[in-house]
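Colleague: What follows is a single structure, and I will ask about it in a moment.
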Amino acid sequence: MSNGDCTATIKVINYTNSTFIQPDWWFAEENDPDMVNRTDIPATMEPPWREESGIAWPIARWVGDPPLRSGLAPEVPAWGEHRYDRNAQPDGFLTQQTIDLNAVSGAPEPSADGTKTIYFRIKTGPQEGDRLPNPQQLVVTGCQKPGGPLDFGSLDLGALVP
């Protein structure tokens, strides 16, 4: 979700008992279909693409620090200690974090209309059926460059001049 101030909130609604479902994201300018669709780790990768321990394909940036991951309601027994249950939380459990696109090192300049486009996906998690591996595009608004056009509204300069 674009928040209108060059931030985007990514939400994960978890129906399982796994905390290993994690979204990653990247700018449109960094979109590399080869990295997005790989099922192995290539010999070289350009940032934001990187190798992550225990994951067999390239990962881009995590969402937030600490990284956003699927959460569990207090009464839900976690996978690993208990058997995997894809319906452990029938109403879903929401976790979310906000990304400030202006604070990202190496971020591209905004478009002329003050937007930046990102992609995000969920390719991690214990079972493929509980993932969202196809990247979702999000246009984030409110990313005007500092010193850009200013809107003074209906300022009456005549009132300032005697």
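Chain labels follow the order of the structure tokens: the first chain is A, the next B, and so on; residue numbering restarts at 1 in every chain, and ligands are counted from 1 in their shown order.
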Give me the residues near Lys11 in chain A as a compact mmCIF listing (two decimals) with N, CA and C atoms, in the first residue's frame, where near means some atom within 7 Å (using only C-alpha atoms) and where sequence neighbours in that chain fewer than 6 positions away do not count.
Modeller:
```
# COMPACT_ATOMS: atom_id res chain seq x y z
N LEU A 94 -2.14 -10.65 11.02
CA LEU A 94 -1.51 -9.58 10.26
C LEU A 94 -0.20 -9.13 10.89
N THR A 95 0.85 -9.09 10.08
CA THR A 95 2.09 -8.39 10.43
C THR A 95 2.36 -7.43 9.28
N GLN A 96 3.00 -6.31 9.58
CA GLN A 96 3.26 -5.32 8.54
C GLN A 96 4.44 -4.45 8.92
N GLN A 97 5.09 -3.89 7.89
CA GLN A 97 6.16 -2.92 8.08
C GLN A 97 6.11 -1.92 6.95
```
Colleague: Write out as an NGL selection string all residues of chain A that backbone DSSP assigns to strand (DSSP E).
Modeller: :A and (7-14 or 23-27 or 61-62 or 93-100 or 116-122 or 132-140)
Colleague: Write out as JSON, numbers by chain which residues come within 7 Å of Pro23 in chain A when counting only C-alpha atoms, dropping same-chain ones fewer than 5 positions away.
Modeller: {"A": [62, 63, 120, 121, 122]}
Colleague: Report, in Å to a single decimal, how far apart CA of Thr9 in chain A and CA of Gln89 in chain A are.
Modeller: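 Atom-to-atom, CA of Gln89 in chain A to CA of Thr9 in chain A, that is 22.0 Å.
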Colleague: Check range 7-108 of chain A with DSSP on the backbone and list each residue it calls helix (DSSP H, G or I), as a VMD selection string.
Modeller: chain A and resid 28 to 30 33 to 37 101 to 103
Colleague: Just checking: using only C-alpha atoms, which residue out of A:Asn87, A:Arg131, A:Lys123, A:Ala103 ends up closest to Thr39 in chain A?
Modeller: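 Between A:Asn87, A:Arg131, A:Lys123, A:Ala103, the residue approaching Thr39 in chain A most closely is A:Lys123.
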Colleague: Just checking: using only C-alpha atoms, which residue out of A:Gly114, A:Pro48, A:Gly125, A:Gly54 ends up closest to Arg69 in chain A?
Modeller: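 Of all the options, A:Gly125 lies closest to Arg69 in chain A.
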Colleague: Go through A:Ile99, A:Val104, A:Ile118, A:Ala88 and flag the residue nearest Pro67 in chain A, using only C-alpha atoms for the distances.
Modeller: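 Counting only C-alpha atoms, the residue closest to Pro67 in chain A is A:Ile99.
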Colleague: Which neighbours of Tyr15 in chain A fall inside 12 Å, counting only C-alpha atoms, when residues of the same chain fewer than 5 positions from it are skipped, and could you give them as a PyMOL selection string?
Modeller: chain A and resi 21+70-73+76+78+84-95+129-131
Colleague: Find the residue from A:Ile13, A:Leu68, A:Ile41, A:Leu138 that sits nearest to Ile55 in chain A; use only C-alpha atoms when measuring.
Modeller: A:Ile41
Colleague: Could you state the separation of CA of Gln127 in chain A and CA of Trp57 in chain A in Å, given to one decimal place?
Modeller: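 Computing the Euclidean distance for CA of Gln127 in chain A and CA of Trp57 in chain A yields 15.2 Å.
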